[in-house]
$ cat upload.txt   # compact mmCIF, C-alpha atoms and all ligand atoms
# COMPACT_ATOMS: atom_id res chain seq x y z
CA MET A 1 -37.17 -3.83 33.94
CA GLU A 2 -36.57 -2.26 30.56
CA ASN A 3 -38.33 1.00 29.76
CA TYR A 4 -39.67 2.05 26.39
CA THR A 5 -41.07 5.22 24.91
CA SER A 6 -42.99 5.01 21.71
CA ARG A 7 -45.47 6.88 19.63
CA SER A 8 -48.51 4.62 19.50
CA ILE A 9 -52.02 4.32 18.18
CA ILE A 10 -54.64 3.19 20.69
CA MET A 11 -56.64 0.35 19.16
CA ARG A 12 -58.86 -0.88 21.96
CA THR A 13 -59.35 -0.33 25.67
CA LYS A 14 -61.06 -2.45 28.26
CA GLU A 15 -61.88 -1.58 31.84
CA VAL A 16 -60.34 -3.99 34.35
CA GLY A 17 -60.28 -3.85 38.12
CA GLU A 18 -61.72 -0.79 39.78
CA THR A 19 -59.57 1.83 38.12
CA ASP A 20 -57.29 0.03 35.63
CA LEU A 21 -57.44 -0.06 31.89
CA LEU A 22 -56.21 -2.79 29.58
CA VAL A 23 -54.99 -1.08 26.44
CA THR A 24 -54.20 -2.60 23.05
CA PHE A 25 -51.96 -0.32 21.02
CA LEU A 26 -49.87 -0.31 17.88
CA CYS A 27 -46.21 0.75 17.96
CA PRO A 28 -43.95 1.14 14.94
CA ASP A 29 -41.27 -1.15 16.37
CA LYS A 30 -43.09 -3.57 18.62
CA GLY A 31 -46.25 -3.92 16.58
CA ARG A 32 -49.55 -4.57 18.30
CA ILE A 33 -49.09 -5.06 22.02
CA LYS A 34 -51.09 -4.97 25.24
CA GLY A 35 -50.46 -2.97 28.35
CA ILE A 36 -52.10 -2.35 31.66
CA ALA A 37 -52.52 1.24 32.84
CA LYS A 38 -52.86 1.09 36.62
CA GLY A 39 -55.27 3.64 37.99
CA ALA A 40 -55.83 5.11 34.53
CA ARG A 41 -59.50 5.72 35.11
CA ASN A 42 -58.90 8.13 37.97
CA SER A 43 -55.45 9.51 37.26
CA ARG A 44 -55.61 12.42 34.88
CA LYS A 45 -52.08 13.46 35.63
CA ARG A 46 -50.15 10.51 34.26
CA PHE A 47 -52.46 9.70 31.40
CA ALA A 48 -54.23 12.98 30.51
CA ASN A 49 -57.09 11.47 28.49
CA CYS A 50 -54.81 9.57 26.17
CA PHE A 51 -56.53 6.19 26.24
CA ASP A 52 -59.37 6.76 23.89
CA ALA A 53 -59.69 4.53 20.84
CA PHE A 54 -57.96 5.78 17.65
CA CYS A 55 -55.83 8.35 19.52
CA LEU A 56 -52.21 8.97 18.59
CA VAL A 57 -50.20 9.16 21.80
CA ASP A 58 -46.71 9.03 23.21
CA LEU A 59 -46.58 6.17 25.69
CA GLN A 60 -44.00 5.22 28.26
CA PHE A 61 -44.10 1.59 29.25
CA SER A 62 -42.05 -1.24 30.63
CA LEU A 63 -42.20 -5.00 30.43
CA LYS A 64 -43.00 -7.01 33.51
CA ARG A 65 -40.50 -9.72 34.29
CA SER A 66 -42.67 -12.41 32.84
CA GLY A 67 -45.23 -12.52 30.08
CA ASP A 68 -46.01 -10.13 27.28
CA LEU A 69 -48.19 -7.67 29.16
CA TYR A 70 -46.58 -4.25 29.41
CA LEU A 71 -47.00 -1.85 32.28
CA LEU A 72 -48.00 1.60 31.05
CA ASN A 73 -46.35 4.32 33.08
CA SER A 74 -47.46 7.55 31.45
CA GLY A 75 -48.87 8.93 28.25
CA ARG A 76 -49.40 12.14 26.36
CA LEU A 77 -52.04 12.80 23.74
CA ILE A 78 -50.64 13.87 20.37
CA ASN A 79 -53.73 13.73 18.17
CA ALA A 80 -57.20 12.48 19.03
CA PHE A 81 -58.30 12.70 15.37
CA PRO A 82 -61.44 14.54 16.48
CA GLY A 83 -63.05 14.43 13.03
CA ILE A 84 -63.54 10.68 13.39
CA ARG A 85 -66.08 11.30 16.18
CA LEU A 86 -68.28 13.53 14.11
CA ASP A 87 -70.33 10.77 12.58
CA PHE A 88 -70.96 7.07 12.69
CA THR A 89 -69.62 6.58 9.16
CA SER A 90 -66.13 7.85 10.06
CA LEU A 91 -66.12 5.86 13.27
CA SER A 92 -67.10 2.72 11.35
CA TYR A 93 -64.36 3.20 8.75
CA ALA A 94 -61.77 3.90 11.45
CA SER A 95 -62.88 0.75 13.26
CA TYR A 96 -62.65 -1.22 10.03
CA MET A 97 -59.07 -0.08 9.47
CA ILE A 98 -58.14 -1.01 13.04
CA GLU A 99 -59.69 -4.47 12.68
CA LEU A 100 -58.06 -5.12 9.32
CA THR A 101 -54.70 -4.20 10.87
CA GLU A 102 -55.36 -6.64 13.71
CA ILE A 103 -56.13 -9.43 11.29
CA LEU A 104 -53.17 -8.82 9.00
CA PHE A 105 -50.53 -8.20 11.66
CA PRO A 106 -50.27 -10.66 14.54
CA TRP A 107 -49.40 -9.64 18.09
CA GLY A 108 -45.90 -8.28 18.51
CA MET A 109 -45.08 -8.08 14.83
CA GLY A 110 -43.40 -4.71 14.41
CA ASP A 111 -43.90 -2.98 11.10
CA ARG A 112 -43.19 0.73 10.80
CA LYS A 113 -45.07 0.94 7.51
CA ILE A 114 -48.44 -0.31 8.76
CA PHE A 115 -48.13 2.10 11.67
CA GLU A 116 -47.54 5.00 9.32
CA LEU A 117 -50.30 3.89 6.99
CA LEU A 118 -52.81 3.66 9.81
CA ARG A 119 -51.76 7.03 11.22
CA GLU A 120 -52.04 8.74 7.83
CA SER A 121 -55.39 7.12 7.13
CA LEU A 122 -56.88 8.10 10.51
CA ASP A 123 -55.59 11.60 9.97
CA ALA A 124 -57.18 11.78 6.51
CA LEU A 125 -60.49 10.51 7.93
CA SER A 126 -60.34 13.09 10.68
CA ARG A 127 -59.70 15.87 8.16
CA GLY A 128 -62.97 14.92 6.53
CA GLU A 129 -61.59 13.26 3.40
CA ARG A 130 -64.06 10.85 1.81
CA ALA A 131 -64.22 7.81 4.04
CA GLU A 132 -64.95 5.34 1.20
CA ALA A 133 -61.89 6.49 -0.70
CA ILE A 134 -59.61 6.45 2.34
CA ALA A 135 -60.76 2.93 3.17
CA VAL A 136 -59.96 1.72 -0.36
CA LEU A 137 -56.50 3.30 -0.27
CA PHE A 138 -55.87 1.88 3.19
CA GLU A 139 -57.09 -1.60 2.32
CA VAL A 140 -55.08 -1.97 -0.88
CA ARG A 141 -51.90 -0.89 0.88
CA ALA A 142 -52.52 -2.78 4.13
CA MET A 143 -53.17 -6.01 2.20
CA THR A 144 -49.92 -5.43 0.31
CA LEU A 145 -47.98 -4.81 3.52
CA GLY A 146 -49.57 -7.90 5.02
CA GLY A 147 -48.28 -10.01 2.14
CA TYR A 148 -51.39 -10.03 -0.04
CA GLY A 149 -50.46 -7.62 -2.77
CA ILE A 150 -52.27 -8.10 -6.09
CA ASN A 151 -49.97 -9.10 -8.92
CA LEU A 152 -50.75 -6.78 -11.80
CA GLU A 153 -47.54 -7.19 -13.79
CA ARG A 154 -48.43 -10.10 -16.01
CA CYS A 155 -51.18 -12.57 -16.81
CA CYS A 156 -51.17 -15.20 -14.08
CA ASN A 157 -52.03 -17.85 -16.68
CA CYS A 158 -49.99 -17.29 -19.86
CA GLY A 159 -47.37 -14.98 -18.32
CA ARG A 160 -47.86 -12.25 -20.91
CA ILE A 161 -46.85 -8.84 -19.52
CA TYR A 162 -49.88 -6.60 -18.95
CA LYS A 163 -49.31 -3.43 -20.94
CA GLY A 164 -52.58 -1.67 -20.25
CA GLU A 165 -54.24 -2.63 -23.51
CA GLY A 166 -57.81 -3.61 -22.73
CA LYS A 167 -59.18 -4.88 -19.48
CA ALA A 168 -57.43 -7.23 -17.10
CA VAL A 169 -59.45 -9.86 -15.24
CA PHE A 170 -58.99 -10.38 -11.52
CA LYS A 171 -58.51 -13.99 -10.38
CA ARG A 172 -58.76 -14.34 -6.63
CA ASP A 173 -57.26 -17.83 -6.41
CA ARG A 174 -54.12 -16.54 -8.13
CA GLY A 175 -54.02 -13.21 -6.32
CA GLY A 176 -53.47 -11.47 -9.63
CA VAL A 177 -54.86 -10.66 -13.04
CA ALA A 178 -55.28 -12.66 -16.24
CA CYS A 179 -55.57 -11.42 -19.80
CA LEU A 180 -58.90 -11.54 -21.62
CA LYS A 181 -57.61 -14.39 -23.81
CA CYS A 182 -57.11 -16.59 -20.75
CA GLN A 183 -60.09 -15.60 -18.63
CA GLU A 184 -63.45 -14.03 -19.38
CA GLU A 185 -65.18 -11.55 -17.09
CA THR A 186 -67.67 -13.03 -14.63
CA ALA A 187 -69.05 -12.04 -11.22
CA VAL A 188 -66.17 -13.82 -9.47
CA THR A 189 -63.58 -12.80 -12.04
CA PRO A 190 -64.42 -9.11 -12.53
CA GLY A 191 -62.74 -7.05 -15.22
CA ILE A 192 -60.52 -4.13 -14.25
CA SER A 193 -60.02 -1.19 -16.61
CA PRO A 194 -56.42 -0.23 -17.51
CA GLN A 195 -56.79 3.05 -15.60
CA VAL A 196 -57.81 1.27 -12.41
CA VAL A 197 -55.05 -1.34 -12.80
CA LYS A 198 -52.63 1.59 -12.85
CA MET A 199 -54.28 3.09 -9.79
CA ILE A 200 -54.04 -0.13 -7.80
CA GLN A 201 -50.36 -0.34 -8.76
CA TRP A 202 -49.85 3.16 -7.40
CA MET A 203 -51.80 2.39 -4.24
CA GLN A 204 -49.57 -0.60 -3.64
CA THR A 205 -46.32 1.33 -3.98
CA ILE A 206 -46.35 5.12 -3.73
CA PRO A 207 -45.35 6.94 -0.48
CA PHE A 208 -48.14 7.24 2.09
CA ARG A 209 -48.49 10.97 1.91
CA SER A 210 -49.00 10.83 -1.87
CA LEU A 211 -51.27 7.84 -1.36
CA MET A 212 -53.69 9.84 0.78
CA LYS A 213 -53.79 12.51 -1.93
CA LEU A 214 -54.69 10.07 -4.69
CA GLU A 215 -58.05 11.15 -6.01
CA LEU A 216 -60.47 8.33 -6.55
CA ALA A 217 -63.63 9.06 -8.50
CA ASP A 218 -66.83 7.26 -7.53
CA LYS A 219 -66.61 5.07 -10.65
CA HIS A 220 -63.11 3.97 -9.65
CA ILE A 221 -64.27 3.10 -6.15
CA GLN A 222 -67.20 1.14 -7.60
CA GLU A 223 -64.77 -0.78 -9.78
CA ILE A 224 -62.19 -1.51 -7.08
CA ARG A 225 -64.50 -2.48 -4.25
CA PRO A 226 -65.73 -5.82 -5.68
CA VAL A 227 -62.12 -6.77 -6.47
CA LEU A 228 -61.03 -5.95 -2.93
CA LYS A 229 -63.97 -7.84 -1.48
CA LEU A 230 -63.18 -11.00 -3.46
CA HIS A 231 -59.50 -10.68 -2.63
CA ARG A 232 -60.11 -10.07 1.08
CA GLU A 233 -62.69 -12.82 1.50
CA TYR A 234 -60.42 -15.31 -0.23
CA HIS A 235 -57.44 -14.63 2.03
CA LEU A 236 -59.18 -13.51 5.21
CA PRO A 237 -62.33 -15.63 5.35
CA LYS A 238 -63.04 -14.71 8.98
CA GLY A 239 -63.26 -11.02 8.83
CA PRO A 240 -63.16 -8.09 9.42
CA LYS A 241 -66.58 -8.10 11.07
CA THR A 242 -66.88 -4.31 11.07
CA VAL A 243 -67.44 -4.50 7.31
CA CYS A 244 -71.17 -4.72 8.09
CA TYR A 245 -71.17 -1.09 9.29
CA LEU A 246 -69.63 0.34 6.13
CA THR A 247 -71.91 2.13 3.73
CA MET B 1 -52.23 -25.69 40.57
CA GLU B 2 -55.18 -25.73 42.91
CA ILE B 3 -54.20 -25.17 46.51
CA TYR B 4 -57.68 -24.93 48.05
CA PRO B 5 -60.36 -27.64 48.27
CA PRO B 6 -62.50 -27.72 45.10
CA PRO B 7 -65.63 -25.99 46.53
CA LEU B 8 -63.51 -23.06 47.69
CA GLU B 9 -61.66 -22.97 44.36
CA ARG B 10 -65.02 -22.85 42.60
CA LEU B 11 -66.16 -19.87 44.69
CA ILE B 12 -62.89 -18.06 43.97
CA GLU B 13 -63.36 -18.74 40.30
CA GLN B 14 -66.94 -17.41 40.38
CA PHE B 15 -65.85 -14.21 42.12
CA SER B 16 -63.01 -13.66 39.72
CA ARG B 17 -65.49 -13.64 36.83
CA LEU B 18 -66.95 -10.42 38.20
CA PRO B 19 -65.71 -7.16 36.72
CA GLY B 20 -63.04 -5.46 38.77
CA ILE B 21 -62.22 -8.58 40.76
CA GLY B 22 -58.84 -10.18 40.18
CA GLN B 23 -57.60 -13.51 41.50
CA LYS B 24 -56.32 -11.96 44.75
CA SER B 25 -59.51 -10.07 45.54
CA ALA B 26 -61.57 -13.14 44.63
CA THR B 27 -59.58 -15.25 47.08
CA ARG B 28 -59.96 -12.64 49.81
CA LEU B 29 -63.72 -12.47 49.28
CA ALA B 30 -64.08 -16.24 49.23
CA LEU B 31 -62.08 -16.65 52.43
CA PHE B 32 -64.18 -13.93 54.04
CA ILE B 33 -67.39 -15.71 53.09
CA LEU B 34 -65.96 -18.93 54.49
CA LYS B 35 -65.13 -17.31 57.82
CA SER B 36 -68.38 -15.39 58.26
CA HIS B 37 -71.76 -16.59 59.52
CA LYS B 38 -73.90 -18.80 57.39
CA GLU B 39 -76.63 -16.11 57.32
CA LEU B 40 -74.41 -13.88 55.24
CA SER B 41 -74.02 -16.55 52.56
CA GLN B 42 -77.73 -17.27 52.60
CA SER B 43 -78.81 -13.65 52.26
CA LEU B 44 -76.13 -13.03 49.63
CA ALA B 45 -77.33 -16.01 47.59
CA ALA B 46 -80.95 -14.92 47.99
CA SER B 47 -80.11 -11.39 46.83
CA LEU B 48 -78.28 -12.67 43.80
CA ILE B 49 -81.31 -14.67 42.75
CA GLU B 50 -83.70 -11.85 43.63
CA VAL B 51 -82.06 -9.25 41.38
CA LYS B 52 -82.12 -11.62 38.46
CA GLU B 53 -85.79 -12.35 39.04
CA LYS B 54 -87.14 -8.94 40.01
CA ILE B 55 -85.07 -6.29 38.29
CA GLU B 56 -86.22 -5.35 34.81
CA LEU B 57 -85.93 -2.40 32.47
CA CYS B 58 -88.42 0.44 32.69
CA SER B 59 -90.47 0.25 29.51
CA THR B 60 -90.29 4.04 29.11
CA CYS B 61 -86.76 5.13 29.99
CA PHE B 62 -85.02 1.71 30.13
CA SER B 63 -83.41 2.28 33.49
CA LEU B 64 -83.23 -0.56 35.96
CA THR B 65 -86.31 -0.95 38.10
CA ASP B 66 -88.28 -3.42 40.17
CA GLU B 67 -91.54 -1.82 39.11
CA ASP B 68 -92.55 -0.69 35.64
CA PRO B 69 -92.60 2.28 35.02
CA CYS B 70 -89.67 3.17 37.23
CA ALA B 71 -89.79 5.51 40.24
CA ILE B 72 -88.49 8.47 38.22
CA CYS B 73 -90.94 8.02 35.35
CA ARG B 74 -93.78 7.69 37.90
CA ASN B 75 -92.70 10.68 39.97
CA GLU B 76 -95.08 13.59 39.35
CA ASN B 77 -92.62 16.10 40.75
CA ARG B 78 -90.13 15.47 37.96
CA ILE B 79 -90.22 17.92 35.07
CA ASN B 80 -91.87 16.55 31.96
CA GLY B 81 -90.53 17.50 28.56
CA ILE B 82 -86.80 17.24 29.32
CA ILE B 83 -84.93 13.99 28.75
CA CYS B 84 -81.33 13.38 29.69
CA VAL B 85 -79.81 10.65 27.52
CA VAL B 86 -77.12 8.53 29.19
CA GLU B 87 -75.05 5.51 28.19
CA GLY B 88 -75.85 3.27 31.13
CA PRO B 89 -77.48 2.97 34.54
CA GLY B 90 -74.21 3.97 36.24
CA ASP B 91 -74.20 7.31 34.43
CA GLN B 92 -77.82 7.91 35.37
CA LEU B 93 -76.95 7.22 39.00
CA ALA B 94 -74.06 9.70 38.89
CA ILE B 95 -76.33 12.46 37.58
CA GLU B 96 -79.05 11.59 40.09
CA GLU B 97 -76.53 11.83 42.89
CA SER B 98 -75.55 15.32 41.80
CA GLY B 99 -79.14 16.28 42.57
CA VAL B 100 -79.37 19.05 39.97
CA PHE B 101 -81.36 17.36 37.24
CA LYS B 102 -85.11 17.28 37.73
CA GLY B 103 -86.24 15.99 34.35
CA LYS B 104 -86.42 12.42 33.13
CA TYR B 105 -83.92 10.01 31.64
CA HIS B 106 -83.34 7.74 28.70
CA VAL B 107 -80.79 4.94 29.05
CA LEU B 108 -79.23 3.85 25.75
CA HIS B 109 -77.55 0.75 27.20
CA GLY B 110 -74.27 1.30 25.41
CA VAL B 111 -72.62 3.45 22.77
CA LEU B 112 -71.99 2.99 19.08
CA ALA B 113 -68.90 0.78 18.94
CA PRO B 114 -68.36 -1.06 15.63
CA LEU B 115 -65.25 -2.80 17.00
CA ASP B 116 -67.41 -4.38 19.69
CA GLY B 117 -70.21 -5.16 17.27
CA VAL B 118 -72.54 -2.43 18.54
CA GLY B 119 -74.51 -0.52 15.91
CA PRO B 120 -77.52 1.83 16.12
CA GLU B 121 -80.02 -1.04 16.27
CA ASP B 122 -78.37 -2.39 19.39
CA LEU B 123 -79.10 0.75 21.39
CA LYS B 124 -82.42 2.16 22.65
CA ILE B 125 -82.42 4.85 19.95
CA ALA B 126 -85.67 4.09 18.16
CA GLU B 127 -87.33 4.05 21.59
CA LEU B 128 -85.96 7.53 22.30
CA VAL B 129 -87.36 8.87 19.05
CA ALA B 130 -90.72 7.32 19.85
CA ARG B 131 -90.82 9.19 23.17
CA LEU B 132 -90.49 12.63 21.56
CA ASP B 133 -94.09 12.80 20.35
CA LYS B 134 -95.63 10.63 22.96
CA GLU B 135 -94.31 12.69 25.86
CA ASN B 136 -94.25 16.11 24.22
CA ILE B 137 -90.51 16.47 24.68
CA GLU B 138 -89.02 19.95 24.40
CA GLU B 139 -85.37 19.31 25.18
CA VAL B 140 -83.05 16.34 24.88
CA ILE B 141 -79.78 16.58 26.81
CA LEU B 142 -77.06 14.36 25.37
CA ALA B 143 -74.97 13.14 28.29
CA THR B 144 -72.90 10.39 26.71
CA ASN B 145 -69.24 10.30 27.72
CA PRO B 146 -66.67 12.37 25.80
CA THR B 147 -64.93 9.27 24.38
CA ALA B 148 -64.64 8.51 20.66
CA GLN B 149 -67.66 6.22 20.87
CA GLY B 150 -69.65 8.47 23.22
CA GLU B 151 -69.06 11.51 21.04
CA THR B 152 -69.98 9.61 17.89
CA THR B 153 -73.16 8.42 19.57
CA ALA B 154 -74.02 12.02 20.48
CA SER B 155 -73.34 13.14 16.88
CA PHE B 156 -75.49 10.31 15.59
CA LEU B 157 -78.35 11.30 17.91
CA VAL B 158 -78.09 14.93 16.80
CA LYS B 159 -78.64 13.78 13.20
CA ILE B 160 -81.57 11.57 14.14
CA LEU B 161 -83.26 14.12 16.40
CA SER B 162 -82.72 17.30 14.44
CA GLY B 163 -85.72 18.48 12.50
CA LYS B 164 -88.05 16.89 15.00
CA GLY B 165 -88.79 20.15 16.75
CA VAL B 166 -86.88 19.49 19.95
CA LYS B 167 -84.05 21.49 21.44
CA ILE B 168 -80.91 19.35 21.53
CA THR B 169 -78.20 20.16 24.06
CA ARG B 170 -74.89 18.53 24.93
CA ILE B 171 -73.38 18.48 28.42
CA ALA B 172 -70.36 20.78 28.72
CA LEU B 173 -66.87 19.30 28.39
CA GLY B 174 -63.78 20.77 29.97
CA ILE B 175 -61.48 21.14 32.91
CA PRO B 176 -62.79 19.24 35.93
CA MET B 177 -63.20 20.98 39.31
CA GLY B 178 -59.87 20.97 41.11
CA GLY B 179 -58.15 20.23 37.81
CA ASP B 180 -54.83 21.59 36.67
CA LEU B 181 -54.28 23.07 33.23
CA LYS B 182 -50.72 21.72 33.15
CA TYR B 183 -52.02 18.18 33.14
CA MET B 184 -54.78 18.65 30.61
CA ASP B 185 -54.50 17.12 27.18
CA SER B 186 -54.32 19.43 24.19
CA MET B 187 -57.71 18.39 22.84
CA THR B 188 -59.57 19.24 26.04
CA LEU B 189 -57.79 22.60 26.22
CA GLN B 190 -58.65 23.42 22.62
CA TYR B 191 -62.26 22.55 23.30
CA CYS B 192 -62.34 24.59 26.50
CA LEU B 193 -61.08 27.70 24.76
CA LYS B 194 -63.39 27.25 21.82
CA THR B 195 -66.47 26.91 24.03
CA ARG B 196 -65.51 29.56 26.60
CA SER B 197 -68.44 31.50 27.98
CA PRO B 198 -68.82 35.19 28.93
CA VAL B 199 -68.55 36.00 32.60
CA VAL B 200 -71.25 38.19 34.05
CA PRO B 201 -69.87 40.43 36.80
ZN ZN A 301 -53.09 -14.78 -20.44
ZN ZN A 302 -88.39 4.95 33.66
$ encode --input "upload.txt" --output "structure tokens"
Amino acid sequence: MENYTSRSIIMRTKEVGETDLLVTFLCPDKGRIKGIAKGARNSRKRFANCFDAFCLVDLQFSLKRSGDLYLLNSGRLINAFPGIRLDFTSLSYASYMIELTEILFPWGMGDRKIFELLRESLDALSRGERAEAIAVLFEVRAMTLGGYGINLERCCNCGRIYKGEGKAVFKRDRGGVACLKCQEETAVTPGISPQVVKMIQWMQTIPFRSLMKLELADKHIQEIRPVLKLHREYHLPKGPKTVCYLT
Amino acid sequence: MEIYPPPLERLIEQFSRLPGIGQKSATRLALFILKSHKELSQSLAASLIEVKEKIELCSTCFSLTDEDPCAICRNENRINGIICVVEGPGDQLAIEESGVFKGKYHVLHGVLAPLDGVGPEDLKIAELVARLDKENIEEVILATNPTAQGETTASFLVKILSGKGVKITRIALGIPMGGDLKYMDSMTLQYCLKTRSPVVP
């Protein structure tokens, strides 16, 4: 039986048996995996309150001989992101980020970057940063990491390089922007101002710590959100369901 | 592969649908039923049907009862004006068993959990608010669990209830009796120190 130790983010827990807990967690190397914590509900010693949703923990686990269910041996709480529990809005945004991660990254697909992004975003939420802004930053980057980055380099129709002169128009079926000569603005092909195009480019590429410091004004959020919605619904028609709790 | 005759397999399968019962326990229970007297099976089956037919929610506090209002809401010896808000019937039972609380209850039937599709409308929150005036409530004790969802639910209730002229209190969180500081998580310890209370000699 091979043993592992990994910093992890707890995504979901489910009570099973009389005292066990089935835990879904995200690791940088192994991705999203499932483990069973035997006796977790009455053993404070091995698992000192580390199985609460959204917590950052150090977990020790091993793989059973067969299957993909890990056996959780012990855990230590690193950060419970307490600010997330202070209101329903933060909890809803944290849940949304967890669900989007689940949809974009299948079971067992390790990706250090999505782990770091989620950790930084939960931390920012917990610190009381504006939830709407954090969610936008998270979503743009998570979609990019998941393979759905928005192509903002050139017009997806005529190929002309976008130089930031005038608005670009988002085209969901092309996953990119077109120039105003090729596509007019409509409800399903919204225009994006040059400043916001630049911002989305940054959100897709800059380091996570700088990403969380990017200041988004309300007007920028209002401009980006419809684009993200169209983009998300086109590629991920089934979800996330938690979107209904976002304000 | 099925190794038992189909009726027995079906019973095992039914048992294993219950929470906390795995395949092994389900098989043990089914074999026990098979070995025991027929009366046991009959009374068990009758009880299963009876709870589904007779148990309902108290229309005041939403705890489980076979008579509406429930025994606690009917009891004239309980203190009026204090409501203890709990997540579920199991939590209410735990507090009742401690024997220290003499007021009344309100069962939310869950906690706010967006990932599980549970929002404010899915809990008995509006019903709690409605009780404040009707029953002349002075204090609401928030006794949801100290989990992310339980804490968020408590915070949500604080927002909803504040300004309504009731005292809102939260059950204390901290080191359990017989606990050991060495095994406590950092968050609990931080909270314990922050909410320490003066000792009167
Ligand atoms: Zn063009
Ligand atoms: Zn009642």
$ residues_around --input "upload.txt" --residues "Glu102 of chain A" --least-positions-apart "4" --cutoff "12 Å" --atoms "all atoms listed in the file" --output "ChimeraX atom specification"
/A:11-12,24-26,31-33,95-98,106-109,114-115,118,142-143,146,236,239-241 /B:115
$ residues_near_ligand --input "upload.txt" --ligand "ligand ZN 301 (chain A)" --cutoff "8 Å" --atoms "all atoms listed in the file" --output "PyMOL selection string"
chain A and resi 154-160+178-183
$ residues_near_point --input "upload.txt" --point "(-69.9, 15.1, 13.8)" --cutoff "7 Å" --atoms "all atoms listed in the file" --output "list in words"
Gly83, Arg85, Leu86 and Asp87 of chain A; Thr152 and Ser155 of chain B
$ atom_distance --input "upload.txt" --atom1 "atom CA of Pro19 of chain B" --atom2 "atom CA of Gly35 of chain A"
17.9 Å
$ residues_around --input "upload.txt" --residues "Ala71 of chain B" --least-positions-apart "4" --cutoff "12 Å" --atoms "only C-alpha atoms" --output "list of chain:residue names"
B:Leu57, B:Cys58, B:Ser59, B:Thr60, B:Cys61, B:Phe62, B:Ser63, B:Leu64, B:Thr65, B:Asp66, B:Glu67, B:Asn75, B:Glu76, B:Asn77, B:Arg78, B:Lys104, B:Tyr105
$ atom_distance --input "upload.txt" --atom1 "atom CA of Pro28 of chain A" --atom2 "atom CA of Ala148 of chain B"
22.7 Å
$ atom_distance --input "upload.txt" --atom1 "atom CA of Ile36 of chain A" --atom2 "atom CA of Gly75 of chain A"
12.2 Å
$ interface_residues --input "upload.txt" --of "chain B" --to "chain A" --cutoff "9 Å" --atoms "only C-alpha atoms" --output "NGL selection string"
:B and (19-22 or 112-117 or 119 or 147-156 or 159 or 179-180 or 182-188)
$ closest_residue --input "upload.txt" --among "A:Leu71, A:Ile9, A:Val136, A:Val169" --to "Val57 of chain A" --atoms "only C-alpha atoms"
A:Ile9
$ residues_near_point --input "upload.txt" --point "(-85.4, 17.2, 28.6)" --cutoff "10 Å" --atoms "only C-alpha atoms" --output "list in words"
Ile79, Asn80, Gly81, Ile82, Ile83, Cys84, Val85, Phe101, Lys102, Gly103, Lys104, Tyr105, His106, Leu132, Asn136, Ile137, Glu138, Glu139, Val140, Ile141, Leu142, Val166, Lys167, Ile168 and Thr169 of chain B
$ closest_residue --input "upload.txt" --among "B:Leu8, B:Leu18, B:Leu157, B:Cys73" --to "Lys35 of chain B" --atoms "all atoms listed in the file"
B:Leu8
